[in-house]
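Chemist: Have a peek at protein-v9.txt (compact mmCIF, C-alpha atoms).
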# COMPACT_ATOMS: atom_id res chain seq x y z
CA MET K 6 -8.54 75.80 -3.02
CA GLU K 7 -5.21 74.37 -4.16
CA ASN K 8 -5.02 71.70 -6.84
CA ILE K 9 -3.07 68.53 -6.40
CA LYS K 10 0.30 69.36 -7.92
CA GLU K 11 1.13 68.60 -11.50
CA LYS K 12 4.51 68.05 -13.08
CA THR K 13 6.48 71.12 -14.16
CA ALA K 14 9.61 70.76 -16.30
CA GLY K 15 9.53 66.99 -15.90
CA SER K 16 9.22 66.80 -12.09
CA TYR K 17 6.61 67.32 -9.40
CA PRO K 18 7.04 70.34 -7.07
CA VAL K 19 7.76 69.39 -3.48
CA ASP K 20 5.06 70.40 -1.00
CA VAL K 21 6.39 71.44 2.41
CA ILE K 22 3.50 71.49 4.85
CA GLY K 23 3.56 73.04 8.31
CA LEU K 24 1.82 70.84 10.87
CA GLY K 25 1.20 73.63 13.36
CA MET K 26 1.11 72.17 16.85
CA SER K 27 -0.48 68.89 15.78
CA PRO K 28 -2.24 67.22 12.81
CA ASP K 29 -5.45 68.82 14.12
CA ASP K 30 -4.13 72.13 12.76
CA LEU K 31 -4.01 70.83 9.17
CA THR K 32 -6.56 72.15 6.68
CA PRO K 33 -8.54 69.92 4.27
CA THR K 34 -6.21 71.07 1.48
CA HIS K 35 -3.17 69.97 3.50
CA LEU K 36 -4.74 66.58 4.14
CA ARG K 37 -5.55 66.04 0.47
CA LEU K 38 -1.94 66.78 -0.49
CA ILE K 39 -0.65 64.35 2.13
CA GLU K 40 -3.01 61.57 1.10
CA ALA K 41 -2.03 62.04 -2.57
CA ALA K 42 1.69 61.77 -1.77
CA ASP K 43 3.79 58.87 -3.03
CA PHE K 44 6.64 59.69 -0.65
CA LEU K 45 6.06 61.36 2.73
CA VAL K 46 9.02 62.91 4.58
CA GLY K 47 9.07 64.07 8.20
CA GLY K 48 10.23 63.50 11.73
CA ARG K 49 9.29 60.28 13.50
CA ARG K 50 6.60 62.05 15.50
CA HIS K 51 5.14 63.65 12.37
CA LEU K 52 5.05 60.42 10.36
CA SER K 53 3.34 58.40 13.10
CA SER K 54 -0.01 59.99 12.27
CA PHE K 55 0.16 59.19 8.54
CA LYS K 56 2.27 56.05 8.04
CA ASP K 57 -0.76 53.94 7.04
CA ARG K 58 -2.12 56.56 4.62
CA VAL K 59 0.77 56.87 2.13
CA PRO K 60 2.76 54.28 0.14
CA GLU K 61 6.20 55.18 1.54
CA THR K 62 7.67 57.35 4.30
CA HIS K 63 11.14 58.64 5.08
CA GLU K 64 12.31 59.85 8.49
CA VAL K 65 14.29 63.10 8.55
CA THR K 66 17.70 62.92 10.24
CA ALA K 67 20.54 65.40 10.62
CA ASP K 68 21.72 64.49 7.12
CA LEU K 69 19.79 67.14 5.21
CA LYS K 70 22.14 66.97 2.21
CA GLY K 71 21.31 63.30 1.89
CA LEU K 72 17.61 64.09 2.10
CA VAL K 73 17.90 66.64 -0.71
CA ALA K 74 19.70 64.07 -2.85
CA ILE K 75 16.85 61.59 -2.32
CA ILE K 76 14.22 64.20 -3.15
CA LYS K 77 16.03 65.24 -6.35
CA LYS K 78 16.24 61.61 -7.43
CA ARG K 79 12.56 60.86 -6.79
CA CYS K 80 10.70 64.06 -7.65
CA SER K 81 10.65 63.23 -11.38
CA ARG K 82 8.32 60.30 -10.72
CA ASP K 83 6.87 60.75 -7.21
CA ARG K 84 4.67 63.26 -5.49
CA ILE K 85 6.71 64.24 -2.42
CA VAL K 86 5.38 65.94 0.70
CA VAL K 87 7.63 67.12 3.55
CA LEU K 88 6.06 67.63 6.98
CA ALA K 89 7.51 70.35 9.20
CA SER K 90 6.82 71.45 12.75
CA GLY K 91 4.96 74.72 13.17
CA ASP K 92 5.59 76.89 10.13
CA PRO K 93 8.16 75.56 7.61
CA LEU K 94 9.82 78.97 7.10
CA TYR K 95 9.99 79.90 10.79
CA TYR K 96 13.23 78.32 12.02
CA GLY K 97 12.16 75.28 9.99
CA ILE K 98 13.29 73.08 7.13
CA GLY K 99 11.48 75.15 4.50
CA ALA K 100 14.23 77.69 3.87
CA TYR K 101 16.87 74.96 3.46
CA LEU K 102 14.74 73.10 0.89
CA VAL K 103 14.04 76.30 -1.06
CA ARG K 104 17.78 77.07 -1.21
CA SER K 105 18.67 73.50 -2.17
CA LEU K 106 15.92 72.69 -4.65
CA GLY K 107 15.08 76.11 -6.04
CA ARG K 108 12.20 78.46 -5.37
CA ASP K 109 10.13 77.15 -8.31
CA GLN K 110 10.48 73.51 -7.18
CA VAL K 111 9.09 74.01 -3.65
CA ARG K 112 5.63 75.01 -2.46
CA ILE K 113 5.39 76.18 1.16
CA HIS K 114 2.15 75.70 3.12
CA PRO K 115 2.34 77.82 6.31
CA ASN K 116 0.77 77.03 9.66
CA ILE K 117 0.77 78.11 13.31
CA THR K 118 4.20 78.65 14.89
CA SER K 119 4.96 77.49 18.41
CA VAL K 120 5.60 81.12 19.41
CA ALA K 121 2.12 82.11 18.24
CA ALA K 122 0.63 79.08 20.00
CA ALA K 123 2.44 79.83 23.28
CA PHE K 124 1.30 83.45 23.41
CA ALA K 125 -2.21 82.42 22.39
CA ARG K 126 -2.26 80.19 25.46
CA MET K 127 -1.08 83.16 27.52
CA GLY K 128 -3.66 85.48 25.94
CA GLU K 129 -0.96 88.03 25.10
CA PRO K 130 0.01 89.75 21.82
CA TRP K 131 3.44 88.80 20.51
CA GLN K 132 4.31 91.28 17.75
CA ASP K 133 7.10 92.77 19.90
CA VAL K 134 8.51 89.49 21.23
CA ARG K 135 12.19 88.77 20.59
CA VAL K 136 12.77 85.22 19.31
CA VAL K 137 16.01 83.28 19.84
CA SER K 138 16.61 79.77 18.57
CA LEU K 139 19.01 77.54 20.49
CA HIS K 140 17.81 74.44 18.65
CA GLY K 141 20.91 72.84 17.17
CA ARG K 142 22.92 76.00 17.74
CA ARG K 143 24.36 77.88 20.73
CA SER K 144 23.39 81.52 20.12
CA GLU K 145 24.50 82.60 23.58
CA GLU K 146 25.49 86.06 22.35
CA GLN K 147 22.06 86.63 20.81
CA LEU K 148 20.36 85.24 23.93
CA GLU K 149 22.33 87.49 26.26
CA GLN K 150 21.60 90.54 24.13
CA GLY K 151 17.90 89.68 24.16
CA LEU K 152 17.90 89.30 27.94
CA ARG K 153 19.52 92.69 28.29
CA THR K 154 17.27 94.61 25.88
CA ALA K 155 13.87 92.89 25.58
CA ASP K 156 11.05 92.49 28.09
CA ARG K 157 9.81 89.22 26.54
CA LEU K 158 11.70 86.49 24.73
CA ALA K 159 10.60 83.27 23.09
CA VAL K 160 13.38 80.66 23.08
CA PHE K 161 13.51 77.49 21.00
CA THR K 162 15.28 74.87 23.11
CA ASP K 163 16.93 71.51 22.48
CA PRO K 164 18.15 68.72 24.80
CA THR K 165 21.42 70.57 25.43
CA ALA K 166 20.11 74.14 25.63
CA SER K 167 17.28 73.00 27.88
CA PRO K 168 15.03 75.04 30.19
CA GLN K 169 17.30 74.04 33.09
CA TRP K 170 20.36 75.29 31.18
CA LEU K 171 18.53 78.55 30.50
CA GLY K 172 17.95 79.03 34.22
CA GLY K 173 21.66 78.70 34.91
CA PHE K 174 22.52 81.02 32.02
CA ILE K 175 20.17 83.73 33.34
CA ARG K 176 21.74 83.46 36.78
CA ARG K 177 25.25 83.74 35.34
CA CYS K 178 24.15 86.85 33.43
CA ARG K 179 22.75 88.34 36.66
CA ILE K 180 19.49 89.38 35.00
CA PRO K 181 17.02 89.97 37.85
CA ASP K 182 13.30 89.23 38.08
CA ILE K 183 12.91 86.84 35.15
CA GLN K 184 9.92 84.50 34.94
CA ILE K 185 10.44 81.33 32.89
CA GLY K 186 7.47 79.72 31.21
CA VAL K 187 7.99 76.21 29.82
CA PHE K 188 5.56 74.98 27.16
CA GLU K 189 5.87 71.20 26.84
CA ARG K 190 4.59 69.11 23.93
CA MET K 191 2.10 71.72 22.70
CA GLY K 192 -0.78 70.24 20.77
CA SER K 193 -0.46 66.78 22.36
CA ALA K 194 -2.64 65.08 24.97
CA ASP K 195 0.05 65.60 27.64
CA GLU K 196 0.67 69.30 26.91
CA ARG K 197 1.79 71.17 30.01
CA VAL K 198 2.59 74.82 30.82
CA SER K 199 4.48 75.76 33.98
CA TRP K 200 6.23 78.84 35.34
CA HIS K 201 9.49 78.96 37.26
CA THR K 202 12.30 81.18 38.53
CA PRO K 203 15.91 80.76 37.34
CA GLU K 204 16.69 79.27 40.76
CA SER K 205 13.83 76.76 40.91
CA ILE K 206 13.93 75.53 37.33
CA GLU K 207 17.32 73.81 37.59
CA VAL K 208 15.86 70.93 39.62
CA GLU K 209 12.81 70.40 37.38
CA ASN K 210 12.30 67.84 34.60
CA PHE K 211 10.51 68.60 31.36
CA ASN K 212 9.14 66.60 28.44
CA THR K 213 10.42 67.28 24.94
CA PRO K 214 9.84 68.99 22.64
CA ASN K 215 9.42 72.19 24.59
CA MET K 216 9.93 75.89 24.18
CA VAL K 217 10.43 78.67 26.70
CA VAL K 218 9.01 82.14 27.20
CA LEU K 219 11.06 84.57 29.31
CA LYS K 220 9.29 87.52 30.87
CA LYS K 221 10.75 90.33 32.93
CA ALA K 222 8.70 91.25 35.96
CA THR K 223 7.27 94.76 35.84
CA HIS K 224 8.01 97.14 38.68
CA THR K 225 5.70 100.12 39.06
CA ASN K 226 7.92 101.49 41.83
CA ARG K 227 11.21 101.01 40.01
CA THR K 228 13.72 103.64 41.16
CA PHE K 229 16.23 103.31 38.34
CA PRO K 230 15.57 103.37 34.57
CA PRO K 231 16.53 100.41 32.38
CA LEU K 232 20.19 100.39 31.43
CA HIS K 233 21.11 102.42 28.35
CA LEU K 234 24.06 104.41 27.06
CA GLY K 235 24.48 107.83 28.66
CA MET K 236 22.88 106.98 32.01
CA PRO K 237 22.69 109.97 34.38
CA GLU K 238 25.26 109.96 37.16
CA SER K 239 22.39 109.69 39.67
CA ALA K 240 21.65 106.16 38.41
CA PHE K 241 24.92 104.90 39.91
CA ASP K 242 26.15 104.72 43.48
CA HIS K 243 29.33 106.82 43.47
CA GLN K 244 31.58 108.80 45.73
CA GLY K 245 31.39 112.56 45.25
CA GLY K 246 32.39 113.51 41.72
CA LEU K 247 34.32 110.27 41.13
CA ILE K 248 32.31 109.10 38.15
CA THR K 249 32.84 109.53 34.42
CA LYS K 250 30.16 111.98 33.32
CA ALA K 251 27.52 110.68 30.91
CA GLU K 252 28.73 112.69 27.91
CA ILE K 253 32.38 111.72 28.46
CA ARG K 254 31.28 108.12 28.91
CA ALA K 255 29.56 108.16 25.54
CA VAL K 256 32.63 109.51 23.72
CA SER K 257 34.99 107.15 25.56
CA LEU K 258 32.89 104.09 24.73
CA ALA K 259 32.76 105.15 21.08
CA ARG K 260 36.56 105.52 21.02
CA LEU K 261 36.99 102.04 22.52
CA CYS K 262 35.37 100.46 19.41
CA LEU K 263 33.90 97.63 21.47
CA ARG K 264 32.82 94.37 19.84
CA PRO K 265 31.10 91.19 21.04
CA GLN K 266 33.14 88.60 22.95
CA GLN K 267 36.08 90.91 23.65
CA VAL K 268 37.96 91.34 26.93
CA LEU K 269 37.77 94.83 28.48
CA TRP K 270 39.86 96.15 31.35
CA ASP K 271 38.35 99.15 33.18
CA LEU K 272 41.24 100.46 35.29
CA GLY K 273 40.55 102.86 38.14
CA ALA K 274 36.89 101.91 37.68
CA GLY K 275 35.47 104.27 40.34
CA SER K 276 31.72 103.58 40.23
CA GLY K 277 31.94 101.02 37.39
CA ALA K 278 29.71 103.17 35.16
CA VAL K 279 31.93 102.71 32.08
CA SER K 280 32.05 98.93 32.56
CA ILE K 281 28.31 98.70 33.06
CA GLU K 282 27.43 100.66 29.92
CA ALA K 283 30.16 98.85 27.97
CA SER K 284 28.30 95.59 28.62
CA LEU K 285 25.60 96.76 26.20
CA LEU K 286 28.15 96.88 23.38
CA MET K 287 30.03 93.62 23.96
CA PRO K 288 27.63 90.70 24.48
CA GLY K 289 29.47 87.52 25.30
CA GLY K 290 32.53 89.50 26.40
CA GLN K 291 34.46 89.69 29.66
CA ILE K 292 34.70 92.89 31.69
CA TRP K 293 37.28 93.35 34.44
CA ALA K 294 36.77 96.41 36.65
CA VAL K 295 39.85 97.17 38.76
CA GLU K 296 39.69 99.61 41.68
CA LYS K 297 41.88 100.04 44.77
CA HIS K 298 39.46 101.63 47.26
CA PRO K 299 37.27 99.17 49.23
CA ASP K 300 34.32 101.57 49.49
CA ARG K 301 34.31 102.08 45.72
CA ILE K 302 34.53 98.32 45.22
CA ALA K 303 31.29 98.02 47.19
CA GLN K 304 29.68 100.67 44.98
CA ILE K 305 30.79 98.91 41.80
CA LEU K 306 29.32 95.63 43.02
CA ALA K 307 26.05 97.33 43.98
CA ASN K 308 25.81 99.01 40.56
CA ARG K 309 26.67 95.80 38.73
CA ASP K 310 24.01 93.82 40.57
CA ARG K 311 21.40 96.56 40.24
CA PHE K 312 21.61 96.50 36.46
CA GLY K 313 22.25 92.75 36.20
CA VAL K 314 25.44 93.15 34.19
CA PRO K 315 26.76 89.80 32.92
CA HIS K 316 30.37 88.71 32.75
CA MET K 317 31.69 91.61 34.85
CA GLU K 318 34.29 90.79 37.46
CA VAL K 319 35.49 93.27 40.08
CA VAL K 320 39.10 93.21 41.29
CA GLN K 321 40.57 95.20 44.17
CA ALA K 322 44.18 96.12 43.37
CA VAL K 323 46.63 99.00 43.30
CA LEU K 324 47.62 99.58 39.67
CA PRO K 325 49.54 98.17 37.95
CA LYS K 326 49.57 95.35 40.49
CA GLY K 327 46.84 92.77 40.15
CA LEU K 328 46.79 92.84 36.35
CA SER K 329 48.91 89.71 35.99
CA ARG K 330 45.98 87.42 36.85
CA LEU K 331 43.64 88.99 34.29
CA PRO K 332 43.23 87.64 30.74
CA ASP K 333 44.96 89.67 28.01
CA PRO K 334 42.73 92.62 27.03
CA ASP K 335 41.36 93.56 23.62
CA ARG K 336 40.26 96.94 24.95
CA VAL K 337 41.42 98.99 27.95
CA PHE K 338 39.83 102.04 29.53
CA ILE K 339 41.85 104.01 32.07
CA GLY K 340 39.76 106.53 33.92
CA GLY K 341 41.97 106.81 36.95
CA GLY K 342 45.61 105.79 36.75
CA GLY K 343 46.79 108.00 39.60
CA ARG K 344 50.51 108.41 40.24
CA ASN K 345 51.30 105.13 38.50
CA LEU K 346 49.68 106.10 35.20
CA THR K 347 52.72 105.61 32.95
CA GLU K 348 53.68 102.33 34.65
CA THR K 349 50.10 101.12 34.19
CA ILE K 350 50.09 102.11 30.51
CA ALA K 351 53.38 100.24 29.98
CA VAL K 352 51.88 97.04 31.41
CA VAL K 353 48.72 97.52 29.36
CA CYS K 354 50.68 97.95 26.12
CA ARG K 355 52.67 94.77 26.74
CA ARG K 356 49.49 92.76 27.37
CA LEU K 357 47.26 94.29 24.68
CA THR K 358 46.10 91.85 22.00
CA ARG K 359 46.45 92.34 18.25
CA ASN K 360 44.69 95.46 16.96
CA GLY K 361 43.86 96.38 20.54
CA VAL K 362 42.64 99.80 21.67
CA VAL K 363 43.44 101.84 24.79
CA VAL K 364 41.42 104.89 25.87
CA VAL K 365 42.67 107.16 28.66
CA ASN K 366 40.71 110.05 30.18
CA THR K 367 42.50 112.89 31.91
CA VAL K 368 41.95 116.52 32.88
CA LEU K 369 45.64 117.28 33.61
CA MET K 370 48.03 118.55 30.93
CA ASP K 371 50.96 116.63 32.40
CA SER K 372 48.95 113.40 32.25
CA LEU K 373 47.98 114.18 28.64
CA HIS K 374 51.61 114.58 27.54
CA ASN K 375 52.83 111.58 29.55
CA THR K 376 50.05 109.33 28.23
CA VAL K 377 50.63 110.22 24.57
CA ARG K 378 54.41 109.82 24.96
CA CYS K 379 54.10 106.45 26.72
CA LEU K 380 51.61 105.05 24.20
CA ARG K 381 53.83 106.06 21.29
CA GLU K 382 56.94 104.64 22.95
CA HIS K 383 55.18 101.28 23.02
CA GLY K 384 54.30 101.41 19.35
CA LEU K 385 50.69 102.59 19.52
CA THR K 386 49.21 105.22 17.23
CA THR K 387 47.50 107.99 19.18
CA ASP K 388 44.58 110.32 18.61
CA VAL K 389 43.35 112.93 21.08
CA VAL K 390 40.03 114.74 21.38
CA GLN K 391 39.08 117.32 23.96
CA VAL K 392 35.49 117.11 25.14
CA GLN K 393 34.00 120.23 26.65
CA VAL K 394 30.41 119.96 27.79
CA SER K 395 27.94 122.51 29.10
CA ARG K 396 24.69 121.54 30.76
CA SER K 397 21.60 123.66 31.09
CA GLN K 398 20.78 125.04 34.54
CA PRO K 399 17.63 126.95 35.57
CA LEU K 400 18.06 130.71 35.89
CA GLY K 401 14.93 132.62 36.75
CA ASP K 402 12.29 131.85 34.13
CA SER K 403 14.86 130.51 31.67
CA ASP K 404 18.06 128.45 31.55
CA ARG K 405 21.75 129.15 31.41
CA MET K 406 24.58 126.88 30.34
CA GLN K 407 26.92 125.65 33.08
CA ALA K 408 30.34 124.63 31.73
CA MET K 409 31.96 121.44 33.01
CA ASN K 410 35.67 120.75 33.17
CA PRO K 411 37.12 119.84 29.75
CA VAL K 412 38.37 116.27 29.46
CA TRP K 413 40.99 114.85 27.12
CA VAL K 414 40.03 111.49 25.66
CA ILE K 415 43.22 109.86 24.41
CA GLN K 416 42.98 106.87 22.10
CA GLY K 417 45.88 104.54 21.42
CA PHE K 418 45.53 101.71 18.94
CA ARG K 419 47.83 98.93 17.85
CA ASN K 420 48.10 98.60 14.07
CA ASP K 421 48.69 94.88 13.58
CA ARG K 422 48.17 93.45 10.13
Is it possible to express this structure as structure tokens?

Modeler:
Amino acid sequence: MENIKEKTAGSYPVDVIGLGMSPDDLTPTHLRLIEAADFLVGGRRHLSSFKDRVPETHEVTADLKGLVAIIKKRCSRDRIVVLASGDPLYYGIGAYLVRSLGRDQVRIHPNITSVAAAFARMGEPWQDVRVVSLHGRRSEEQLEQGLRTADRLAVFTDPTASPQWLGGFIRRCRIPDIQIGVFERMGSADERVSWHTPESIEVENFNTPNMVVLKKATHTNRTFPPLHLGMPESAFDHQGGLITKAEIRAVSLARLCLRPQQVLWDLGAGSGAVSIEASLLMPGGQIWAVEKHPDRIAQILANRDRFGVPHMEVVQAVLPKGLSRLPDPDRVFIGGGGRNLTETIAVVCRRLTRNGVVVVNTVLMDSLHNTVRCLREHGLTTDVVQVQVSRSQPLGDSDRMQAMNPVWVIQGFRNDR
């Protein structure tokens, strides 16, 4: 049992109490601390249950610096309690008060989080759930990455990043088979839980506060594995051998040095395999896959939609034509420049942003020399690696190694200070 706080170093410690989902989740110790308070701080909804039980209340606004100033001024004479939703240290006000007032001046009283409450209502464990907070922030990059890599997400919403907005975001990211659970006003008399698709949710209305659980549907008959780096060529629709092999893909993506929110051009995209795997490394970015053959365009689109790759646009054009309408690239991959390789590289170098990177794959010695010469003529520093891969093949009761064609991976990078 906790004692009612006493003064330390001339001031009372500030008690920050998590309300859980409602005042019903408070323990007797919590209630004693609240009733002994001289000054009770919290949101309007929190204070409504206690306004007649304490001498003075203060409603929390967006001005947290002002709140800290008030607390510092009053804690020498008043017992102060701050009420927080859920758990104070779980996307709550607790961490801010600890940083602002000092660890020794704040006592945290934990409680049930809304994530724990939501999964309790679902009867599912939640130790592996990815949590993203959009409350008062737009963590679109983190949200997109979670959608790509996690099977279950818990999302803290706000009036702007609402459940309806989430539905539109999921559709724009082309993530298939997502179920959206909306948990409205948990712990209140009008609590409601409902499930929707990204298409249906955009016309719904929801009470606040609410939070969302995103679940990917499970497919026992799924033909293709989840997207990851180094996917086998069989995972992609492609024409004959016109696909960058998995091992070459891995090296090429490493040499591109991809980062979030960049613009990537994939020129001579073939099957789109490089673009699709690149999406894992550049959340929030833009990918432009350019290919001249209509049948390969159809394959790129099918592969893109199969893996739900966000922010990937497909352009049919003969290089270097068609590049003028694309945004300036931070990174460029050229897997098939054809006869116009040097002309394409010249256009790329003129459009490349500061500290940009170009990676060109080729198996021909003439293309190797022409690429290095052209990149250097346009002021880029070059580095070349040759990748030679052998794959195991069954032979009798054992295996042998089957050599594949060596590939030159040419990197050009702009050294802008």

Chemist: Which one is closest to Gln267 of chain K: K:Arg359, K:Lys56, K:His201, K:Arg49? Count only C-alpha atoms.

Modeler: K:Arg359

Chemist: Kindly indicate which residue among K:Asn375, K:Gln266, K:Asn420, K:Gln110 lies nearest to Pro334 of chain K, using all atoms listed in the file for the distances.

Modeler: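 Result for the nearest residue to Pro334 of chain K: K:Gln266.
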
Chemist: Might you pull out every residue within 7 Å of segment 335-349 of chain K, with only C-alpha atoms counted and same-chain residues fewer than 6 positions away left off, and present them as an NGL selection string?

Modeler: :K and (261 or 267-274 or 324-325 or 357-358 or 361-366 or 375-376 or 379)

Chemist: Measuring atom to atom with only C-alpha atoms, identify which of K:Leu380, K:Val218, K:Ala41, K:Met236 is nearest to Asp83 of chain K.

Modeler: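 Going through K:Leu380, K:Val218, K:Ala41, K:Met236 one by one, the smallest distance to Asp83 of chain K is for K:Ala41.
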
Chemist: Find the residues near segment 279-281 of chain K: any atom within 7 Å, counting all atoms listed in the file, skip ones fewer than 4 places away on the same chain, and give them as a ChimeraX atom specification.

Modeler: /K:254,271,292,294,309,314

Chemist: Neighbouring residues of Gly151 of chain K were defined as those with any atom within 10 Å, considering only C-alpha atoms; residues of the same chain fewer than 3 positions away were excluded. Please report them as an NGL selection string.

Modeler: :K and (134-137 or 145-148 or 154-159 or 219 or 288)

Chemist: Taking N, CA and C atoms as the atom set, what does segment 232-248 of chain K look like once completed, written as a compact mmCIF listing (two decimals), in the coordinates of the input?

Modeler:
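Result file follows (rebuild-v8.txt):
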# COMPACT_ATOMS: atom_id res chain seq x y z
N LEU K 232 18.84 100.02 31.84
CA LEU K 232 20.19 100.39 31.43
C LEU K 232 20.22 100.83 29.97
N HIS K 233 20.89 101.93 29.71
CA HIS K 233 21.11 102.42 28.35
C HIS K 233 22.40 103.24 28.34
N LEU K 234 22.88 103.57 27.16
CA LEU K 234 24.06 104.41 27.06
C LEU K 234 23.73 105.83 27.52
N GLY K 235 24.69 106.47 28.20
CA GLY K 235 24.48 107.83 28.66
C GLY K 235 23.59 107.94 29.88
N MET K 236 23.67 106.93 30.77
CA MET K 236 22.88 106.98 32.01
C MET K 236 23.28 108.21 32.82
N PRO K 237 22.33 108.85 33.50
CA PRO K 237 22.69 109.97 34.38
C PRO K 237 23.54 109.48 35.55
N GLU K 238 24.38 110.36 36.06
CA GLU K 238 25.26 109.96 37.16
C GLU K 238 24.44 109.50 38.37
N SER K 239 23.23 110.04 38.52
CA SER K 239 22.39 109.69 39.67
C SER K 239 21.93 108.24 39.64
N ALA K 240 22.07 107.57 38.50
CA ALA K 240 21.65 106.16 38.41
C ALA K 240 22.66 105.23 39.06
N PHE K 241 23.86 105.74 39.35
CA PHE K 241 24.92 104.90 39.91
C PHE K 241 25.28 105.36 41.32
N ASP K 242 25.52 104.39 42.20
CA ASP K 242 26.15 104.72 43.48
C ASP K 242 27.57 105.18 43.18
N HIS K 243 27.97 106.34 43.69
CA HIS K 243 29.33 106.82 43.47
C HIS K 243 29.73 107.79 44.56
N GLN K 244 31.01 107.99 44.65
CA GLN K 244 31.58 108.80 45.73
C GLN K 244 31.88 110.19 45.18
N GLY K 245 31.15 111.19 45.68
CA GLY K 245 31.39 112.56 45.25
C GLY K 245 31.32 112.71 43.74
N GLY K 246 32.34 113.33 43.16
CA GLY K 246 32.39 113.51 41.72
C GLY K 246 33.18 112.43 41.02
N LEU K 247 33.46 111.32 41.70
CA LEU K 247 34.32 110.27 41.13
C LEU K 247 33.52 109.32 40.24
N ILE K 248 33.04 109.88 39.15
CA ILE K 248 32.31 109.10 38.15
C ILE K 248 32.52 109.76 36.80
